[in-house]
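Participant: Got a structure for you, questions after.
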Amino acid sequence: MNLGDRPQESTQQVGLTIAGKTYRSRLLVGSGKYRDLEETRAATEASGAEIITVAIRRVNIGQDPNAPNLLDVVPPSKYTILPNTAGCYNAKDAVYTLQLARELLNGHKLVKLEVLGDQKTLFPNMPETLKAAETLVKDGFDVMVYCSDDPIQAKMLEEIGCVAVMPLASLIGSGMGILNPWNLSLIIEQSKVPVLVDAGVGTASDAAIAMELGCDGVLMNTAIAGARDPIRMARAMKLAVEAGREAYLAGRIPKKFAASPSSPMEGRAT
């Protein structure tokens with residue numbers, strides 16, 4: 001797909017709209033793997049992100065009143081908390097986890113669904129993902145969904161009613177970047193809901209490439225939290241997402257097998 005093939009928004013419309021709410025930032029970040037809650041707070045602020053994912057099965061957001069609470073440093077008054085189902089390997093567990101999150105967050109509807117296939121690859125289990133997505137949508141959730149980079153299954157998730165599809169760039173935490181830009185481009189071209197790259201981003205150029213392809217946003221955790229300097233990397237990712245989006249809207253020049261001089265020969269002084 002050529003980058004100009006997808007209908008483009010006005011450069012004035014810089015927001016990412018999900019489930020009827022518009023966000024200034026197109027970078028979504030996770031809240032795990034940091035050294036401590038203070039580093040979580042600082043990196044989150046540096047990223048400029050407004051949507052923060054939280055692994056309900058691993059992070060305390062009020063389940064344990066005697067333990068440090070993530071919401072003390074990433075307050076819902078400032079951020080949209082996106083509970084996710086990291087660590088779930090079947091639809092039943094994923095649905096239960098998000099129902100628990102809804103109770104903990106006072107009826108919160110926007111969630112991230114991920115149902116994993118195995119502990120080695122953390123690749124999505126798509127049959128269980130589709131099953132869970134259907135149940136959650138019927139239960140009134142606004143579902144953003146981690147999925148394989150399969151255009152057919154991405155379309156099925158959209159037709160079920162998911163508010164965003166989130167194909168992996170490469171395996172979770174691998175830092176390998178976008179391994180199949182062609183499949184990703186097919187998903188972007190066909191989708192009527194936001195498409196966000198989820199998993200596999202390693203550095204700022206990976207995020208920029210995702211946005212240049214036409215993704216609506218990028219979600220990451222390990223690439224920031226695992227960096228030598230997470231706060232500096234968070235700033236780098238913020239800038240990369242912004243630059244990639246601007247480049248996509250600007251429209252790149254076509255690739256060709258011939259040189260084209262910056263200073264044309266026509267009309268030159270002799």
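Just remember, in the structure tokens the first chain shown is A, the second B, etc., residues are 1-based per chain, and ligands are 1-based in the order shown.
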Using DSSP assignments from the backbone, pull out every residue in range 36-235 of chain A that falls under strand (DSSP E) and give it to me as a ChimeraX atom specification.

Facilitator: /A:51-55,80-84,110-113,142-147,164-167,196-198,217-220

Participant: Find the residues near Leu196 in chain A: any atom within 10 Å, counting only C-alpha atoms, skip ones fewer than 3 places away on the same chain, and give them as a list in words.

Facilitator: Arg26, Leu27, Leu28, Met144, Val145, Tyr146, Ala164, Val165, Met166, Pro167, Leu168, Ala169, Leu184, Ile188, Val193, Ala199, Ala210, Met211, Gly214, Cys215, Asp216, Gly217, Val218 and Leu219 of chain A

Participant: Can you tell me which residues surround range 222-229 of chain A at a distance of at most 7 Å, considering only C-alpha atoms, apart from same-chain residues fewer than 2 positions away, and format the answer as a short mmCIF file (atom, residue, chain, number, x, y, z; two decimals) with N, CA, C and O atoms, in the first residue's frame?

Facilitator:
data_model
loop_
_atom_site.label_atom_id
_atom_site.label_comp_id
_atom_site.auth_asym_id
_atom_site.auth_seq_id
_atom_site.Cartn_x
_atom_site.Cartn_y
_atom_site.Cartn_z
N LYS A 33 7.24 -3.15 34.81
CA LYS A 33 8.68 -3.36 34.56
C LYS A 33 9.58 -2.20 34.99
O LYS A 33 10.79 -2.25 34.76
N TYR A 34 9.02 -1.17 35.61
CA TYR A 34 9.87 -0.09 36.08
C TYR A 34 10.51 -0.44 37.41
O TYR A 34 10.06 -1.34 38.13
N GLY A 173 7.88 -7.73 24.00
CA GLY A 173 9.16 -7.58 24.69
C GLY A 173 10.39 -7.92 23.87
O GLY A 173 11.50 -7.85 24.38
N GLY A 175 11.60 -6.40 21.10
CA GLY A 175 12.34 -5.27 20.55
C GLY A 175 12.74 -5.43 19.10
O GLY A 175 13.61 -4.71 18.60
N VAL A 201 8.01 -3.13 19.64
CA VAL A 201 8.78 -1.90 19.42
C VAL A 201 10.03 -1.93 20.31
O VAL A 201 9.95 -2.26 21.49
N GLY A 202 11.17 -1.57 19.71
CA GLY A 202 12.42 -1.61 20.46
C GLY A 202 13.04 -0.25 20.68
O GLY A 202 13.66 0.01 21.70
N THR A 203 12.86 0.63 19.69
CA THR A 203 13.46 1.95 19.79
C THR A 203 12.62 2.95 19.01
O THR A 203 11.61 2.59 18.39
N MET A 220 3.37 0.70 23.93
CA MET A 220 4.62 0.04 24.30
C MET A 220 4.82 0.09 25.80
O MET A 220 4.26 0.95 26.50
N ILE A 231 13.37 7.38 31.25
CA ILE A 231 12.74 8.69 31.12
C ILE A 231 13.17 9.35 29.81
O ILE A 231 12.36 9.91 29.08
N ARG A 232 14.42 9.23 29.47
CA ARG A 232 14.89 9.78 28.20
C ARG A 232 14.27 9.02 27.03
O ARG A 232 13.89 9.62 26.02
N MET A 233 14.17 7.70 27.16
CA MET A 233 13.55 6.92 26.08
C MET A 233 12.08 7.27 25.93
O MET A 233 11.55 7.30 24.80
N ALA A 234 11.40 7.54 27.03
CA ALA A 234 10.00 7.95 26.95
C ALA A 234 9.86 9.23 26.13
O ALA A 234 8.95 9.36 25.30
#

Participant: Near Leu239 in chain A, counting only C-alpha atoms, which residues have an atom at most 10 Å away, once you skip same-chain residues fewer than 5 positions from it, shown as a list in words?

Facilitator: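 Returned residues: Leu27, Ser47, Gly48, Ala204, Ala207, Ala208, Met233, Ala234, Gly244 and Arg245 of chain A.
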
Participant: Could the residues in this selection be saved with N, CA and C atoms as a CSV table (one decimal), in the first residue's frame?

Facilitator:
chain,number,residue,atom,x,y,z
A,27,LEU,N,0.6,8.1,21.6
A,27,LEU,CA,1.5,7.1,22.2
A,27,LEU,C,0.8,6.6,23.5
A,47,SER,N,6.6,10.7,28.6
A,47,SER,CA,6.1,10.1,27.3
A,47,SER,C,5.0,11.0,26.8
A,48,GLY,N,4.3,11.8,27.6
A,48,GLY,CA,3.2,12.6,27.1
A,48,GLY,C,1.9,11.7,26.9
A,204,ALA,N,13.0,4.2,19.0
A,204,ALA,CA,12.2,5.3,18.5
A,204,ALA,C,11.9,5.1,17.0
A,207,ALA,N,8.9,3.0,16.3
A,207,ALA,CA,7.6,3.8,16.5
A,207,ALA,C,7.3,4.7,15.3
A,208,ALA,N,8.4,5.4,14.9
A,208,ALA,CA,8.2,6.3,13.7
A,208,ALA,C,7.7,5.5,12.5
A,233,MET,N,14.2,7.7,27.2
A,233,MET,CA,13.6,6.9,26.1
A,233,MET,C,12.1,7.3,25.9
A,234,ALA,N,11.4,7.5,27.0
A,234,ALA,CA,10.0,8.0,27.0
A,234,ALA,C,9.9,9.2,26.1
A,244,GLY,N,6.6,10.6,13.1
A,244,GLY,CA,6.0,9.6,12.2
A,244,GLY,C,4.7,10.0,11.7
A,245,ARG,N,3.8,10.5,12.6
A,245,ARG,CA,2.5,10.9,12.1
A,245,ARG,C,2.6,12.1,11.2

Participant: So which one's closest to Met237 in chain A, A:Asn106, A:Thr53, A:Ser205, A:Asn125? Using only C-alpha atoms, please.

Facilitator: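 Of A:Asn106, A:Thr53, A:Ser205, A:Asn125, the one nearest Met237 in chain A is A:Ser205, counting only C-alpha atoms.
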
Participant: Give me, as a short mmCIF file (atom, residue, chain, number, x, y, z; two decimals) with C-alpha atoms, in the first residue's frame, all polymer residues having an atom no more than 9 Å from Thr17 in chain A, counting only C-alpha atoms and skipping those fewer than 6 positions away in the same chain.

Facilitator:
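Dumped everything to around_8.cif:
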data_model
loop_
_atom_site.label_atom_id
_atom_site.label_comp_id
_atom_site.auth_asym_id
_atom_site.auth_seq_id
_atom_site.Cartn_x
_atom_site.Cartn_y
_atom_site.Cartn_z
CA TYR A 23 -6.69 12.15 23.02
CA ARG A 24 -3.87 14.49 22.04
CA PRO A 194 -8.14 2.81 14.97
#

Participant: To one decimal place in Å, what is the distance between CA of Arg35 in chain A and CA of Asn221 in chain A?

Facilitator: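 Separation of CA of Arg35 in chain A and CA of Asn221 in chain A: 13.0 Å.
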
Participant: List as a PyMOL selection string the protein and nucleic acid residues near Gly87 in chain A, meaning an atom at most 10 Å away when only C-alpha atoms are counted, but skip any in the same chain fewer than 6 places from it.

Facilitator: chain A and resi 55-58+93-94+114-116+118-119+122

Participant: Grab the residues selected above and save them as a PDB file, in the first residue's frame with C-alpha atoms.

Facilitator:
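After the write, part.pdb holds the following:
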ATOM      1  CA  ALA A  55      -2.122  -5.483  34.078  1.00  0.00           C
ATOM      2  CA  ILE A  56      -4.929  -6.218  36.527  1.00  0.00           C
ATOM      3  CA  ARG A  57      -3.473  -9.597  37.502  1.00  0.00           C
ATOM      4  CA  ARG A  58      -0.042  -8.156  38.321  1.00  0.00           C
ATOM      5  CA  ASP A  93     -10.127 -15.777  32.598  1.00  0.00           C
ATOM      6  CA  ALA A  94      -9.862 -12.695  30.395  1.00  0.00           C
ATOM      7  CA  GLU A 114      -5.188  -9.923  25.226  1.00  0.00           C
ATOM      8  CA  VAL A 115      -5.464 -13.702  25.380  1.00  0.00           C
ATOM      9  CA  LEU A 116      -2.089 -15.376  25.041  1.00  0.00           C
ATOM     10  CA  ASP A 118       1.686 -19.801  25.427  1.00  0.00           C
ATOM     11  CA  GLN A 119       4.269 -18.506  27.870  1.00  0.00           C
ATOM     12  CA  LEU A 122       3.151 -14.670  24.182  1.00  0.00           C
TER      13      LEU A 122
END
